[in-house]
There are 2 protein chains.
Amino acid sequence: MLREDRQRILKETLRANPFLTDQELADRLQVSIQTIRLDRLALGIPELRARTREVAKRTYGQVKSLQSKEIFGELIDINLEQWAVSVIDCTEAMAFERSRVVRGHFIFAQADSLALALVNADVALTGLANIKFKRPVKVGEKAIARAEVLRRKGNKYVILVTTKVDGEAVFRGKFVVAAIEPAKGESV
Amino acid sequence: MLREDRQRILKETLRANPFLTDQELADRLQVSIQTIRLDRLALGIPELRARTREVAKRTYGQVKSLQSKEIFGELIDINLEQWAVSVIDCTEAMAFERSRVVRGHFIFAQADSLALALVNADVALTGLANIKFKRPVKVGEKAIARAEVLRRKGNKYVILVTTKVDGEAVFRGKFVVAAIEPAKGESV
DNA sequence: AATATGTTATGAGCTGGTGTTAGAGGAGGA
DNA sequence: TCCTCCTCTAACACCAGCTCATAACATATT
């Protein structure tokens, strides 16, 4: 096996699992531990403990933001039962690697959670949705979603969400959301 | 300062910042490094490197699964351009805390990515979707999505995704997906 | 045969610890 | 007063998982 190939495999192996010691890597790639160390040196890959530290520090306290802010968007303004606005910054993690186009369900997730936030109930669930992705959203763009209650019938709300990037509409969705009483688990 | 108080402060300090060495802790608490070690021993607190490793693995796993397996589901079987099946295990992280009902966009994300996987192209994008959440999915349930190409017109595919839990339909979605770049080589 | 390239070996030293044994210093009781 | 107990500190050997420097070896090329 050529050195070039081995170094490529080394990079890929560590990307899949950064918690491998040089010895384990040497065993996997069937070379000596020194070779692994030279390869790491050449590729600028830090040692196991430094990698572990990086992962820990990078993700420490960031998981929350990925779950709340990034996935669901940041609520900017809200007028319960009427309208609401949220913003989401599109990062690499949300996109297809190749095209850097944001995966549709992140845009959907922002719109969906905004629609749910609009309903004045302890528990609300999405029943139906009719959505259209007008143009792809790219990494780095800031998506601004605006949700509006079109009409309400009992515990059912029809909500229109329009998402824009730089003023240009990228997404439109009509959601039917049901407010569920906290006491009873009435399903949609 | 009493030992009890010191140990309480030690715990709190490490909770706030788990990346401190014994020496740094000794400096902060104005005691010797040995005292810190005895305290850690007494409190069952592991050493810095073990703590770092814990944080890294816990959050790394979360981020990774949140990005790949959990969000997009595990592809079980696929027949390109025809049908595909994926499974997703619903965890607490995917649900509303109060009701333990899985947020709709996770179910949507599974269906959407399954629809995209079906298209034999390097880049594919969702254009339209018409979806219905038939009943809420709870934490702990295993959602099985099956996607099927209904028809194809040029680079546009109409794909029906049906998601079931224990044989019961929980979600149905019709997706219109566009293939942007034809497949060149075998990708991931 | 000499040289270059890539790989492996060897040994000293580092960090951030563990585990154990030993001792210093003060508080309280007989 | 002495003695004991508790808490803290010190000292030493050892460990994993490295870095850094130096050298030996295999193979192919000139």
# chains A, B, ... in the order shown; residues from 1 in each chain; ligands from 1
call {"tool": "interface_residues", "arguments": {"of": "chain B", "to": "chain C", "cutoff": "10 Å", "atoms": "only C-alpha atoms (C1' of nucleotides)", "output": "list in words"}}
result
Thr21, Asp22, Gln23, Arg37, Glu47, Leu48 and Arg49 of chain B
call {"tool": "closest_atom_pairs", "arguments": {"of": "chain B", "to": "chain D", "cutoff": "9 Å", "atoms": "only C-alpha atoms (C1' of nucleotides)", "output": "JSON lines"}}
result
{"residue": "B:Arg3", "atom": "CA", "partner": "D:DT7", "partner_atom": "C1'", "distance": 8.5}
{"residue": "B:Val31", "atom": "CA", "partner": "D:DC8", "partner_atom": "C1'", "distance": 8.5}
{"residue": "B:Ser32", "atom": "CA", "partner": "D:DT9", "partner_atom": "C1'", "distance": 6.8}
{"residue": "B:Ile33", "atom": "CA", "partner": "D:DT9", "partner_atom": "C1'", "distance": 8.8}
{"residue": "B:Gln34", "atom": "CA", "partner": "D:DT9", "partner_atom": "C1'", "distance": 7.0}
{"residue": "B:Thr35", "atom": "CA", "partner": "D:DC8", "partner_atom": "C1'", "distance": 6.7}
call {"tool": "interface_residues", "arguments": {"of": "chain B", "to": "chain A", "cutoff": "7 Å", "atoms": "only C-alpha atoms", "output": "number ranges by chain"}}
result
B: 52-53, 55-56, 59-60, 63, 104-105, 108-109, 126-136
call {"tool": "write_last_selection", "arguments": {"atoms": "C-alpha atoms", "output": "PDB file, in the first residue's frame"}}
result
ATOM      1  CA  THR B  52     -12.387  14.863  29.155  1.00  0.00           C
ATOM      2  CA  ARG B  53     -12.898  11.497  27.503  1.00  0.00           C
ATOM      3  CA  VAL B  55     -17.441  14.595  27.868  1.00  0.00           C
ATOM      4  CA  ALA B  56     -16.026  13.948  24.409  1.00  0.00           C
ATOM      5  CA  THR B  59     -21.309  14.676  23.292  1.00  0.00           C
ATOM      6  CA  TYR B  60     -19.585  13.240  20.247  1.00  0.00           C
ATOM      7  CA  VAL B  63     -23.845  15.111  17.909  1.00  0.00           C
ATOM      8  CA  GLY B 104     -42.871  15.939  14.004  1.00  0.00           C
ATOM      9  CA  HIS B 105     -39.835  17.091  12.134  1.00  0.00           C
ATOM     10  CA  PHE B 108     -40.449  14.217   8.588  1.00  0.00           C
ATOM     11  CA  ALA B 109     -36.641  14.167   8.407  1.00  0.00           C
ATOM     12  CA  THR B 126     -37.087  18.132  -2.098  1.00  0.00           C
ATOM     13  CA  GLY B 127     -39.430  20.488  -3.908  1.00  0.00           C
ATOM     14  CA  LEU B 128     -42.878  19.786  -2.549  1.00  0.00           C
ATOM     15  CA  ALA B 129     -44.259  17.698   0.262  1.00  0.00           C
ATOM     16  CA  ASN B 130     -47.733  16.851   1.351  1.00  0.00           C
ATOM     17  CA  ILE B 131     -47.698  15.228   4.720  1.00  0.00           C
ATOM     18  CA  LYS B 132     -49.996  13.955   7.395  1.00  0.00           C
ATOM     19  CA  PHE B 133     -49.194  12.957  10.940  1.00  0.00           C
ATOM     20  CA  LYS B 134     -51.802  10.321  11.710  1.00  0.00           C
ATOM     21  CA  ARG B 135     -51.015   9.760  15.340  1.00  0.00           C
ATOM     22  CA  PRO B 136     -48.279  10.941  17.705  1.00  0.00           C
TER      23      PRO B 136
END
call {"tool": "atom_distance", "arguments": {"atom1": "CA of Val137 in chain B", "atom2": "CA of Val170 in chain B"}}
result
7.0 Å
call {"tool": "atom_distance", "arguments": {"atom1": "CA of Arg152 in chain A", "atom2": "CA of Val85 in chain A"}}
result
19.1 Å
call {"tool": "atom_distance", "arguments": {"atom1": "CA of Leu118 in chain A", "atom2": "CA of Val87 in chain A"}}
result
14.9 Å
call {"tool": "select_by_dssp", "arguments": {"residues": "range 88-120 of chain B", "states": "strand (DSSP E or B)", "output": "MDAnalysis selection string"}}
result
chainID B and resid 88:89 95 101:102
call {"tool": "select_by_dssp", "arguments": {"residues": "range 98-185 of chain B", "states": "alpha helix (DSSP H)", "output": "list of chain:residue names"}}
result
B:Gly104, B:His105, B:Phe106, B:Ile107, B:Phe108, B:Ala109, B:Gln110, B:Ala111, B:Asp112, B:Ser113, B:Leu114, B:Ala115, B:Leu116, B:Ala117, B:Leu118
call {"tool": "residues_around", "arguments": {"residues": "Val149 in chain B", "least_positions_apart": "5", "cutoff": "12 Å", "atoms": "only C-alpha atoms (C1' of nucleotides)", "output": "ChimeraX atom specification"}}
result
/B:78-84,114-120,156-162,173-177
